[in-house]
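File shown: final-v3.txt (compact mmCIF, C-alpha atoms).
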```
# COMPACT_ATOMS: atom_id res chain seq x y z
CA MET F 1 23.83 19.52 -49.14
CA ILE F 2 24.81 19.36 -45.54
CA CYS F 3 25.26 15.61 -45.67
CA GLU F 4 27.45 15.86 -48.78
CA ILE F 5 29.73 18.26 -46.94
CA CYS F 6 29.83 15.90 -43.99
CA LEU F 7 30.63 12.95 -46.24
CA VAL F 8 33.48 14.85 -47.87
CA LEU F 9 34.82 16.02 -44.52
CA GLY F 10 34.45 12.57 -43.09
CA ILE F 11 36.32 10.93 -45.94
CA ALA F 12 39.07 13.53 -45.75
CA LEU F 13 39.37 13.08 -42.00
CA HIS F 14 39.45 9.33 -42.33
CA GLN F 15 42.25 9.39 -44.91
CA ARG F 16 44.29 11.75 -42.78
CA LEU F 17 43.74 9.71 -39.66
CA SER F 18 44.49 6.40 -41.33
CA ASP F 19 47.85 7.84 -42.44
CA MET F 20 48.58 8.89 -38.90
CA SER F 21 47.11 5.60 -37.59
CA LEU F 22 45.66 7.13 -34.47
CA PRO F 23 42.35 6.25 -32.89
CA ARG F 24 39.73 8.25 -34.77
CA VAL F 25 38.72 11.49 -33.12
CA SER F 26 36.49 13.71 -35.11
CA LEU F 27 37.14 17.41 -35.65
CA PHE F 28 33.61 18.07 -34.53
CA SER F 29 34.20 16.58 -31.09
CA ALA F 30 35.09 19.97 -29.73
CA CYS F 31 31.59 21.15 -30.46
CA PHE F 32 29.61 17.96 -30.05
CA ALA F 33 29.48 15.30 -27.37
CA PHE F 34 30.47 11.89 -28.68
CA SER F 35 30.32 8.48 -27.19
CA ARG F 36 33.63 6.72 -27.54
CA ASP F 37 32.07 3.53 -28.80
CA TYR F 38 31.26 4.87 -32.25
CA HIS F 39 34.81 5.86 -33.07
CA THR F 40 37.06 3.21 -31.63
CA GLY F 41 37.91 -0.05 -33.29
CA SER F 42 38.44 -0.55 -36.98
CA ASN F 43 37.22 -2.78 -39.72
CA GLU F 44 39.16 -3.29 -42.89
CA GLY F 45 36.07 -3.36 -45.07
CA GLN F 46 33.49 -0.61 -45.49
CA LYS F 47 35.65 2.15 -44.08
CA LEU F 48 33.96 4.77 -46.18
CA ASP F 49 30.51 3.69 -45.07
CA MET F 50 31.61 3.58 -41.45
CA ALA F 51 33.01 7.04 -41.63
CA ALA F 52 29.97 8.36 -43.42
CA ARG F 53 27.62 6.75 -40.96
CA CYS F 54 29.62 8.05 -38.01
CA MET F 55 29.69 11.52 -39.44
CA LEU F 56 26.03 11.49 -40.31
CA ARG F 57 25.04 10.20 -36.91
CA SER F 58 27.32 12.60 -35.12
CA VAL F 59 26.08 15.59 -37.06
CA TRP F 60 22.49 14.44 -36.69
CA THR F 61 22.82 14.14 -32.91
CA SER F 62 24.54 17.48 -32.76
CA PHE F 63 21.91 19.18 -34.86
CA SER F 64 19.11 17.66 -32.88
CA SER F 65 20.72 18.86 -29.69
CA LEU F 66 21.21 22.37 -31.11
CA THR F 67 17.55 22.33 -32.23
CA LEU F 68 17.89 24.32 -35.41
CA GLY F 69 14.39 24.35 -36.82
CA PRO F 70 14.33 24.16 -40.63
CA SER F 71 17.86 22.85 -41.17
CA ALA F 72 17.34 20.06 -38.61
CA SER F 73 14.16 18.95 -40.32
CA ASN F 74 15.91 19.08 -43.70
CA PHE F 75 18.75 17.06 -42.35
CA CYS F 76 16.47 14.56 -40.66
CA SER F 77 14.56 14.04 -43.89
CA LEU F 78 17.82 13.69 -45.78
CA GLN F 79 19.06 11.16 -43.26
CA ARG F 80 15.85 9.20 -43.54
CA ILE F 81 16.38 8.95 -47.28
CA ASN F 82 19.96 7.85 -46.75
CA VAL F 83 19.32 5.33 -43.98
CA PRO F 84 17.84 2.55 -46.17
CA GLN F 85 20.97 2.46 -48.33
CA LEU F 86 23.26 2.34 -45.32
CA SER F 87 21.25 -0.21 -43.37
CA ALA F 88 21.14 -2.56 -46.37
CA LEU F 89 24.90 -2.42 -46.57
CA THR F 90 25.52 -2.65 -42.83
CA ILE F 91 23.46 -5.69 -41.78
CA GLN F 92 26.90 -7.10 -41.09
CA SER F 93 27.66 -5.06 -37.96
CA ARG F 94 30.91 -3.92 -36.47
CA GLY F 95 30.49 -6.18 -33.50
CA ILE F 96 30.87 -5.50 -29.81
CA ARG F 97 34.02 -3.68 -28.77
CA GLN F 98 35.49 -3.76 -25.31
CA VAL F 99 37.08 -0.55 -24.09
CA VAL F 100 40.65 -1.22 -22.90
CA GLU F 101 42.81 1.39 -21.19
CA LYS F 102 46.62 1.17 -21.29
CA ARG F 103 49.01 3.41 -19.43
CA GLU F 104 52.53 3.75 -20.87
CA GLY F 105 54.40 6.34 -18.86
CA ASN F 106 52.82 9.68 -19.72
CA THR F 107 50.45 8.49 -22.46
CA ILE F 108 47.13 6.78 -21.82
CA THR F 109 45.75 4.89 -24.83
CA ILE F 110 42.06 4.03 -24.72
CA GLU F 111 41.26 1.46 -27.34
CA GLY F 112 38.27 -0.57 -28.32
CA LYS F 113 39.20 -4.18 -28.94
CA THR F 114 36.71 -6.13 -31.06
CA VAL F 115 35.31 -9.06 -29.13
CA GLU F 116 34.75 -12.13 -31.27
CA THR F 117 31.01 -12.83 -31.38
CA PRO F 118 30.12 -16.30 -32.71
CA ALA F 119 27.97 -16.39 -35.82
CA ALA F 120 24.30 -16.17 -34.85
CA PRO F 121 21.87 -18.73 -36.33
CA GLU F 122 19.70 -17.59 -39.25
CA PRO F 123 16.45 -15.90 -38.15
CA PRO F 124 13.31 -17.43 -39.72
CA ASN F 125 12.27 -14.13 -41.33
CA PRO F 126 15.43 -12.17 -42.15
CA ALA F 127 13.60 -9.62 -44.33
CA ALA F 128 11.95 -7.78 -41.42
CA LYS F 129 13.43 -4.70 -39.77
CA CYS F 130 12.59 -5.38 -36.13
CA PRO F 131 14.45 -8.30 -34.45
CA ILE F 132 11.21 -9.62 -32.94
CA TYR F 133 9.56 -9.78 -36.34
CA ARG F 134 12.67 -11.41 -37.75
CA TRP F 135 12.32 -14.25 -35.26
CA ASN F 136 8.48 -14.36 -35.41
CA LEU F 137 8.01 -13.69 -31.70
CA GLN F 138 5.46 -10.86 -32.08
CA HIS F 139 2.72 -11.98 -29.68
CA LYS F 140 4.55 -14.81 -28.00
CA TYR F 141 6.62 -13.30 -25.21
CA ASN F 142 5.69 -12.40 -21.66
CA TYR F 143 7.30 -10.94 -18.56
CA THR F 144 8.57 -14.44 -17.62
CA ASP F 145 10.77 -14.77 -20.75
CA VAL F 146 13.81 -13.34 -19.02
CA LEU F 147 16.28 -14.79 -21.55
CA LEU F 148 14.67 -12.69 -24.26
CA LEU F 149 14.22 -9.54 -22.18
CA SER F 150 17.77 -9.60 -20.84
CA GLN F 151 19.10 -9.04 -24.38
CA PHE F 152 17.57 -5.57 -24.49
CA ILE F 153 18.59 -4.21 -21.08
CA ARG F 154 21.69 -2.56 -19.69
CA SER F 155 23.57 -3.98 -16.75
CA ASP F 156 21.85 -1.59 -14.34
CA GLY F 157 18.39 -2.60 -15.54
CA GLY F 158 17.53 0.21 -17.95
CA MET F 159 16.36 -0.34 -21.53
CA LEU F 160 18.71 0.10 -24.47
CA PRO F 161 17.68 2.83 -26.93
CA ARG F 162 15.62 1.87 -29.95
CA ARG F 163 18.15 3.14 -32.45
CA ILE F 164 20.72 0.65 -31.17
CA THR F 165 18.54 -2.43 -30.77
CA GLY F 166 16.61 -1.81 -33.99
CA LEU F 167 13.18 -2.53 -32.48
CA CYS F 168 10.03 -1.02 -33.89
CA ALA F 169 8.08 1.38 -31.68
CA GLU F 170 5.32 -0.97 -30.44
CA GLU F 171 7.67 -3.85 -29.71
CA HIS F 172 10.07 -1.54 -27.89
CA ARG F 173 7.17 -0.33 -25.74
CA LYS F 174 5.97 -3.88 -25.06
CA ILE F 175 9.45 -5.06 -24.13
CA ALA F 176 9.91 -2.05 -21.85
CA ILE F 177 6.63 -2.92 -20.11
CA CYS F 178 7.67 -6.59 -19.73
CA VAL F 179 11.07 -5.55 -18.38
CA GLN F 180 9.34 -3.32 -15.81
CA MET F 181 7.08 -6.17 -14.73
CA ALA F 182 10.04 -8.56 -14.54
CA HIS F 183 11.96 -6.09 -12.34
CA ARG F 184 8.99 -5.71 -10.00
CA ALA F 185 8.59 -9.50 -9.86
CA GLY F 186 12.27 -9.83 -8.91
CA LEU F 187 13.19 -11.93 -11.96
CA LEU F 188 16.26 -9.79 -12.81
CA PRO F 189 18.19 -9.75 -9.53
CA ASP F 190 21.60 -8.94 -11.08
CA HIS F 191 20.48 -5.90 -13.09
CA ARG F 192 20.22 -3.50 -10.19
CA PRO F 193 21.52 0.11 -10.33
CA LYS F 194 24.89 0.58 -8.68
CA LEU F 195 24.73 2.13 -5.22
CA PRO F 196 27.56 4.69 -4.88
CA GLU F 197 28.93 3.29 -1.58
CA GLY F 198 25.77 4.57 0.08
CA HIS F 199 24.07 3.29 3.24
CA VAL F 200 23.98 -0.31 2.01
CA PRO F 201 23.78 -2.07 5.40
CA LYS F 202 20.49 -0.41 6.29
CA THR F 203 18.02 -3.07 7.54
CA PRO F 204 15.98 -3.88 4.42
CA LYS F 205 12.20 -4.13 4.69
CA PRO F 206 10.77 -7.61 4.01
CA LYS F 207 10.12 -7.72 0.25
CA LEU F 208 6.63 -8.73 -0.83
CA ASN F 209 6.31 -11.13 -3.76
CA ARG F 210 4.36 -9.79 -6.68
CA TYR F 211 3.87 -10.41 -10.42
CA LEU F 212 2.10 -8.73 -13.35
CA THR F 213 2.30 -5.32 -11.66
CA ARG F 214 1.23 -2.57 -14.06
CA TRP F 215 1.83 0.46 -11.85
CA SER F 216 4.88 1.38 -9.80
CA VAL F 217 4.72 0.26 -6.20
CA LYS F 218 5.13 3.71 -4.67
CA SER F 219 2.57 5.41 -6.91
CA VAL F 220 -0.48 3.26 -6.11
CA LYS F 221 -3.05 4.36 -3.53
CA PRO F 222 -5.23 1.93 -1.54
CA ILE F 223 -8.85 1.60 -2.65
CA TYR F 224 -10.65 2.56 0.55
CA LYS F 225 -14.10 2.71 -1.06
CA PRO F 226 -14.30 0.04 -3.75
CA GLY F 227 -17.96 0.75 -4.56
CA LEU F 228 -20.84 -1.55 -5.40
CA LYS F 229 -20.69 -4.32 -7.98
CA TRP F 230 -21.89 -2.20 -10.91
CA CYS F 231 -19.42 0.62 -10.22
CA LYS F 232 -16.56 -1.19 -8.55
CA LYS F 233 -13.02 0.25 -8.74
CA ARG F 234 -11.15 -2.69 -10.18
CA MET F 235 -7.52 -3.52 -9.48
CA ASP F 236 -5.40 -3.65 -12.66
CA VAL F 237 -3.37 -6.76 -13.43
CA GLY F 238 -1.06 -7.14 -16.39
CA HIS F 239 -0.97 -4.55 -19.16
CA PRO F 240 -3.32 -3.86 -22.10
CA ALA F 241 -0.36 -3.71 -24.50
CA LEU F 242 0.00 -7.48 -24.07
CA LYS F 243 -3.65 -8.30 -24.69
CA ASP F 244 -2.96 -9.76 -28.14
CA ASN F 245 -0.58 -12.41 -26.85
CA VAL F 246 -1.13 -15.98 -27.97
CA ARG F 247 -3.35 -17.81 -25.48
CA TYR F 248 -3.37 -21.58 -25.33
CA SER F 249 -6.28 -21.75 -22.87
CA VAL F 250 -9.96 -21.07 -23.49
CA LYS F 251 -10.27 -18.51 -20.68
CA PRO F 252 -10.06 -14.85 -21.76
CA LEU F 253 -7.30 -12.60 -20.45
CA TYR F 254 -8.59 -11.15 -17.17
CA MET F 255 -7.02 -7.76 -16.51
CA LYS F 256 -9.51 -6.08 -14.15
CA HIS F 257 -9.51 -8.02 -10.89
CA TYR M 1 -12.25 -50.99 1.67
CA GLN M 2 -15.43 -48.99 2.11
CA TRP M 3 -14.16 -47.32 5.28
CA ALA M 4 -11.30 -45.68 3.35
CA THR M 5 -13.76 -43.60 1.32
CA PHE M 6 -15.12 -41.98 4.49
CA ALA M 7 -11.69 -41.30 5.98
CA ARG M 8 -10.70 -37.71 6.65
CA SER M 9 -7.41 -37.10 4.80
CA TRP M 10 -4.87 -34.36 5.45
CA PHE M 11 -3.72 -32.27 2.47
CA VAL M 12 -0.73 -29.93 2.40
CA ILE M 13 -0.38 -26.94 0.03
CA ASP M 14 2.80 -24.90 -0.40
CA ALA M 15 1.78 -21.26 -0.89
CA ARG M 16 5.21 -19.95 -1.91
CA MET M 17 4.88 -17.39 -4.80
CA GLN M 18 1.21 -18.36 -5.24
CA PRO M 19 -1.83 -16.07 -5.44
CA PRO M 20 -3.78 -16.40 -2.17
CA GLY M 21 -7.12 -16.48 -4.02
CA LYS M 22 -6.27 -19.64 -5.96
CA ILE M 23 -4.87 -21.27 -2.79
CA ALA M 24 -8.06 -20.36 -0.94
CA SER M 25 -10.34 -21.83 -3.63
CA MET M 26 -8.42 -25.12 -3.56
CA CYS M 27 -8.66 -25.14 0.25
CA SER M 28 -12.39 -24.40 0.33
CA ILE M 29 -13.16 -27.22 -2.15
CA ARG M 30 -11.32 -29.72 0.03
CA LEU M 31 -12.65 -28.39 3.32
CA GLN M 32 -16.23 -28.81 2.15
CA GLY M 33 -15.53 -32.24 0.68
CA LYS M 34 -16.59 -31.28 -2.83
CA HIS M 35 -13.66 -33.19 -4.29
CA LYS M 36 -15.30 -36.46 -3.17
CA PRO M 37 -18.07 -38.23 -5.14
CA ILE M 38 -19.76 -39.02 -1.80
CA TYR M 39 -20.26 -35.33 -1.01
CA HIS M 40 -23.33 -34.19 0.83
CA ALA M 41 -23.70 -30.88 2.68
CA LEU M 42 -25.08 -32.56 5.81
CA SER M 43 -22.62 -35.45 5.95
CA ASP M 44 -19.44 -34.18 7.54
CA CYS M 45 -17.10 -35.17 4.70
CA GLY M 46 -14.58 -32.34 4.70
CA ASP M 47 -10.86 -32.96 4.95
CA HIS M 48 -8.03 -31.19 6.78
CA VAL M 49 -5.87 -28.79 4.80
CA VAL M 50 -2.46 -27.49 5.91
CA VAL M 51 -1.12 -24.38 4.13
CA ILE M 52 2.61 -23.67 4.53
CA ASN M 53 4.87 -20.74 3.58
CA THR M 54 2.05 -18.21 3.67
CA LYS M 55 4.47 -15.41 4.40
CA GLU M 56 5.82 -15.84 0.84
CA ILE M 57 2.46 -15.37 -0.82
CA ALA M 58 2.40 -13.39 -4.12
CA PHE M 59 -0.37 -11.06 -5.22
CA SER M 60 -0.80 -10.27 -8.93
CA GLY M 61 -1.00 -6.65 -9.99
CA ASN M 62 -0.74 -3.90 -7.39
CA LYS M 63 -3.04 -5.62 -4.89
CA TRP M 64 -0.53 -5.37 -2.07
CA GLU M 65 -1.16 -1.61 -2.07
CA GLN M 66 -4.68 -1.45 -3.48
CA LYS M 67 -6.51 -4.23 -1.64
CA VAL M 68 -8.01 -2.97 1.63
CA TYR M 69 -9.27 -5.19 4.44
CA SER M 70 -11.90 -3.37 6.49
CA SER M 71 -13.38 -4.24 9.85
CA HIS M 72 -15.41 -2.53 12.56
CA THR M 73 -14.88 -3.14 16.24
CA GLY M 74 -18.51 -2.24 17.03
CA TYR M 75 -17.55 0.86 18.97
CA PRO M 76 -18.04 4.33 17.44
CA GLY M 77 -15.00 5.43 15.49
CA GLY M 78 -13.85 1.83 15.31
CA PHE M 79 -13.82 1.45 11.52
CA LYS M 80 -10.39 0.13 10.64
CA GLN M 81 -9.10 -0.12 7.08
CA VAL M 82 -5.78 -1.84 6.50
CA THR M 83 -3.99 -2.48 3.20
CA ALA M 84 -2.97 -6.03 2.35
CA ALA M 85 0.71 -5.15 2.82
CA GLN M 86 0.15 -3.80 6.35
CA LEU M 87 -2.06 -6.76 7.30
CA HIS M 88 0.52 -9.22 6.01
CA HIS M 89 3.21 -7.50 8.03
CA LYS M 90 1.13 -7.71 11.20
CA ASP M 91 -0.09 -11.27 10.65
CA PRO M 92 1.14 -13.35 7.68
CA LYS M 93 -1.63 -15.94 8.16
CA ALA M 94 -4.51 -13.46 7.99
CA ILE M 95 -4.77 -13.01 4.21
CA VAL M 96 -5.14 -16.71 3.45
CA ARG M 97 -7.47 -17.21 6.42
CA LEU M 98 -9.79 -14.38 5.38
CA ALA M 99 -9.77 -15.55 1.76
CA VAL M 100 -10.78 -19.09 2.71
CA TYR M 101 -13.40 -17.78 5.16
CA GLY M 102 -15.01 -15.78 2.37
CA MET M 103 -15.07 -18.75 -0.01
CA LEU M 104 -16.72 -21.25 2.33
CA PRO M 105 -20.54 -21.53 2.35
CA LYS M 106 -22.07 -18.98 4.70
CA ASN M 107 -23.62 -21.39 7.20
CA LEU M 108 -22.81 -22.80 10.61
CA HIS M 109 -20.49 -25.45 9.14
CA ARG M 110 -18.09 -22.67 8.17
CA ARG M 111 -16.59 -22.37 11.65
CA THR M 112 -15.92 -26.09 11.92
CA MET M 113 -14.34 -26.09 8.47
CA MET M 114 -12.10 -23.20 9.50
CA GLN M 115 -11.03 -25.24 12.51
CA ARG M 116 -9.93 -27.96 10.12
CA LEU M 117 -7.78 -25.48 8.17
CA HIS M 118 -4.21 -25.14 9.50
CA ILE M 119 -2.07 -22.24 8.27
CA PHE M 120 1.64 -21.86 8.93
CA PRO M 121 3.65 -18.81 7.77
CA ASP M 122 6.81 -20.90 7.17
CA ASP M 123 7.38 -24.62 6.67
CA VAL M 124 8.00 -25.48 10.33
CA LEU M 125 5.22 -27.93 11.21
CA PRO M 126 4.45 -29.55 14.56
CA GLU M 127 5.23 -33.27 14.71
CA ASP M 128 1.65 -34.50 15.06
CA ILE M 129 0.44 -32.62 11.96
CA ARG M 130 3.45 -33.78 9.99
CA ALA M 131 2.62 -37.35 10.93
CA ASN M 132 -0.95 -36.99 9.68
CA LEU M 133 -0.22 -35.58 6.21
CA THR M 134 -1.34 -37.82 3.37
CA GLU M 135 -1.21 -35.86 0.12
CA GLU M 136 0.55 -32.77 -1.26
CA LEU M 137 -1.49 -30.76 -3.75
CA PRO M 138 0.21 -29.29 -6.85
CA GLN M 139 0.71 -25.54 -6.91
CA PRO M 140 -1.82 -23.59 -9.01
CA ARG M 141 0.68 -21.15 -10.51
CA GLU M 142 3.90 -22.02 -12.28
CA ILE M 143 6.71 -20.09 -10.58
CA PRO M 144 8.78 -18.18 -13.23
CA ARG M 145 12.53 -18.71 -13.09
CA LYS M 146 14.85 -15.86 -12.26
CA LEU M 147 17.73 -14.98 -14.55
CA ASN M 148 20.33 -16.41 -12.16
CA GLU M 149 18.46 -19.73 -12.01
CA TYR M 150 19.13 -20.45 -15.68
CA THR M 151 22.27 -22.49 -16.37
CA GLN M 152 24.95 -20.95 -18.57
CA GLU M 153 24.25 -23.57 -21.27
CA GLU M 154 20.62 -22.52 -21.47
CA ILE M 155 21.62 -18.86 -21.68
CA ASP M 156 24.08 -19.68 -24.49
CA ALA M 157 21.58 -21.88 -26.30
CA PHE M 158 19.15 -18.96 -26.56
CA PRO M 159 19.95 -17.18 -29.87
CA ARG M 160 20.93 -13.52 -29.89
CA LEU M 161 18.15 -11.52 -31.52
CA TRP M 162 20.19 -8.53 -32.60
CA THR M 163 23.82 -7.53 -32.93
CA PRO M 164 25.00 -4.00 -32.14
```

In structure tokens, how does this file's structure come out?
Amino acid sequence: MICEICLVLGIALHQRLSDMSLPRVSLFSACFAFSRDYHTGSNEGQKLDMAARCMLRSVWTSFSSLTLGPSASNFCSLQRINVPQLSALTIQSRGIRQVVEKREGNTITIEGKTVETPAAPEPPNPAAKCPIYRWNLQHKYNYTDVLLLSQFIRSDGGMLPRRITGLCAEEHRKIAICVQMAHRAGLLPDHRPKLPEGHVPKTPKPKLNRYLTRWSVKSVKPIYKPGLKWCKKRMDVGHPALKDNVRYSVKPLYMKH
Amino acid sequence: YQWATFARSWFVIDARMQPPGKIASMCSIRLQGKHKPIYHALSDCGDHVVVINTKEIAFSGNKWEQKVYSSHTGYPGGFKQVTAAQLHHKDPKAIVRLAVYGMLPKNLHRRTMMQRLHIFPDDVLPEDIRANLTEELPQPREIPRKLNEYTQEEIDAFPRLWTP
């Protein structure tokens, strides 16, 4: 019921806004926090679906933030029923938009210009939901495959959320772990967080080279008493989430050094 | 020709971004002479090994913080425990030297074999050692490439897995 109302409202809004030909701003924005990306740019086809999806997503985020108990669960279940229909229709995506700001006297127009993305080659298994399963890369990637990992990270090194990339839960976790290991190995030098004009010219400590680090560098304590051979405290290398990776050598994966 | 088989050759290993354990095992094999078919423990058939760039050594896992090197000066209260990171900061040659020392056979030949091992933290070598080098050994670990080391064509050739 809630989603029907939202659909109706969304369609009404869209018609009104298309007459006025303004960048779409939802009526709900007063109450809810929106990201600009969802509402800028336009596609001639599938306007209704776009509007419905935007509305649904916006209301869903708002409801989840308001944490209404029974209505939220109802809505979530309703959205889960609706999502398969929408995702089947929207495999063709809106594309990446670049936010452009123009100042004309008193008015500032913020617009999202669609950037032309070249057509991607066909994945070998287009029927799967997760991009890694679509390209059959389930157990084949490692922390060294930076070209693959860099597609799922932001410019400051953080991971993109699962609902945007479309990854399934395990693969998202594995990619997050590989991205962490790649950061600690220094394989992603350009994806550093921006320093807000802080004390940059402080003399940096000499960086130690490392790879396959499971734990964060600051959190690990030295093993002062390693123990005897039968009860030794082993040092962890790699991550157990990657233990099913394809191995081309006979030696087993050795994670407890 | 037979004299060439008994010659003592000089090997050089670049330890940049390599695990010190693998470097040490390669060194110990060549210091003992086990890479030669004419090996015998009593015949002094070990070779010289030069290790360079040891200050750029790479430990896997969190060993820089977890691995502890302990020693006792002999005096009471002289038990010193140092993490690998602190030891490397104090002396970049120590980690490789201790690793090789632990891998050699525990007899009196060990000291002479350690005298034949030459470790340098960077790649500045004295002229006489540089003149003696015969063979460079391949590195045990393949160094992974950083993102800025890939050319733009390679980055474009990699297909995009998902579109937003």

Listing only residues of chain F within 7 Å of chain M, what is the closest atom pair and its distance in Å (to one decimal) for each, using only C-alpha atoms, sorted by chain and residue number ascending, as CSV?
```
residue,atom,partner,partner_atom,distance
F:Ser93,CA,M:Pro164,CA,6.5
F:Gly95,CA,M:Pro164,CA,6.1
F:Ile96,CA,M:Pro164,CA,6.5
F:Ala120,CA,M:Arg160,CA,6.6
F:Pro121,CA,M:Pro159,CA,6.9
F:Pro131,CA,M:Leu161,CA,5.7
F:Thr144,CA,M:Pro144,CA,5.8
F:Val146,CA,M:Leu147,CA,6.2
F:Leu147,CA,M:Ile155,CA,6.7
F:Ile164,CA,M:Pro164,CA,6.4
F:Thr165,CA,M:Trp162,CA,6.6
F:Leu187,CA,M:Lys146,CA,4.3
F:Leu188,CA,M:Leu147,CA,5.7
F:Asn209,CA,M:Ala58,CA,4.5
F:Arg210,CA,M:Ala58,CA,4.8
F:Tyr211,CA,M:Ser60,CA,4.9
F:Leu212,CA,M:Gly61,CA,5.0
F:Thr213,CA,M:Gly61,CA,3.9
F:Arg214,CA,M:Gly61,CA,6.2
F:Trp215,CA,M:Asn62,CA,6.7
F:Val217,CA,M:Asn62,CA,7.0
F:Val220,CA,M:Glu65,CA,6.4
F:Lys221,CA,M:Gln66,CA,6.0
F:Pro222,CA,M:Gln66,CA,3.9
F:Ile223,CA,M:Gln66,CA,5.2
F:Tyr224,CA,M:Val68,CA,6.2
F:Met235,CA,M:Lys63,CA,6.7
F:Asp236,CA,M:Gly61,CA,6.0
F:Val237,CA,M:Gly61,CA,4.2
F:Gly238,CA,M:Gly61,CA,6.4
```

How would the residues just chosen look if you wrote them out with C-alpha atoms as a compact mmCIF listing (two decimals), in the frame of the given file?
```txt
# COMPACT_ATOMS: atom_id res chain seq x y z
CA SER F 93 27.66 -5.06 -37.96
CA GLY F 95 30.49 -6.18 -33.50
CA ILE F 96 30.87 -5.50 -29.81
CA ALA F 120 24.30 -16.17 -34.85
CA PRO F 121 21.87 -18.73 -36.33
CA PRO F 131 14.45 -8.30 -34.45
CA THR F 144 8.57 -14.44 -17.62
CA VAL F 146 13.81 -13.34 -19.02
CA LEU F 147 16.28 -14.79 -21.55
CA ILE F 164 20.72 0.65 -31.17
CA THR F 165 18.54 -2.43 -30.77
CA LEU F 187 13.19 -11.93 -11.96
CA LEU F 188 16.26 -9.79 -12.81
CA ASN F 209 6.31 -11.13 -3.76
CA ARG F 210 4.36 -9.79 -6.68
CA TYR F 211 3.87 -10.41 -10.42
CA LEU F 212 2.10 -8.73 -13.35
CA THR F 213 2.30 -5.32 -11.66
CA ARG F 214 1.23 -2.57 -14.06
CA TRP F 215 1.83 0.46 -11.85
CA VAL F 217 4.72 0.26 -6.20
CA VAL F 220 -0.48 3.26 -6.11
CA LYS F 221 -3.05 4.36 -3.53
CA PRO F 222 -5.23 1.93 -1.54
CA ILE F 223 -8.85 1.60 -2.65
CA TYR F 224 -10.65 2.56 0.55
CA MET F 235 -7.52 -3.52 -9.48
CA ASP F 236 -5.40 -3.65 -12.66
CA VAL F 237 -3.37 -6.76 -13.43
CA GLY F 238 -1.06 -7.14 -16.39
```

Q: Go ahead and compute the interatomic distance for atom CA of Arg97 of chain F and atom CA of Gly158 of chain F, in Å to one decimal.
A: 20.1 Å

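Atom CA of Asp156 of chain F is found 10.3 Å from atom CA of Leu195 of chain F.
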
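Across the structure, atom CA of Gly74 of chain M and atom CA of Ser28 of chain M are spaced 28.4 Å apart.
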
Q. Using only C-alpha atoms, which residue out of M:Gln115, M:Asn132, M:Gln86, M:Gln139 lies closest to Val100 of chain M?
A. M:Gln115

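Closest approach to Leu125 of chain M among M:Val51, M:Lys34, M:Gly77, M:Trp3: M:Val51, based on all atoms listed in the file.
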
Q.
For Val179 of chain F, find every residue with an atom within 9 Å (counting only C-alpha atoms), except residues of its own chain fewer than 6 positions away, and show them as a PyMOL selection string.
A. chain F and resi 143+146+149-150+152-153+157-159+188

Save out the residues we just selected, C-alpha atoms, as a tab-separated table (two decimals), in the frame of the given file.
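Output file part-v5.tsv follows:
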```tsv
chain	number	residue	atom	x	y	z
F	143	TYR	CA	7.30	-10.94	-18.56
F	146	VAL	CA	13.81	-13.34	-19.02
F	149	LEU	CA	14.22	-9.54	-22.18
F	150	SER	CA	17.77	-9.60	-20.84
F	152	PHE	CA	17.57	-5.57	-24.49
F	153	ILE	CA	18.59	-4.21	-21.08
F	157	GLY	CA	18.39	-2.60	-15.54
F	158	GLY	CA	17.53	0.21	-17.95
F	159	MET	CA	16.36	-0.34	-21.53
F	188	LEU	CA	16.26	-9.79	-12.81
```
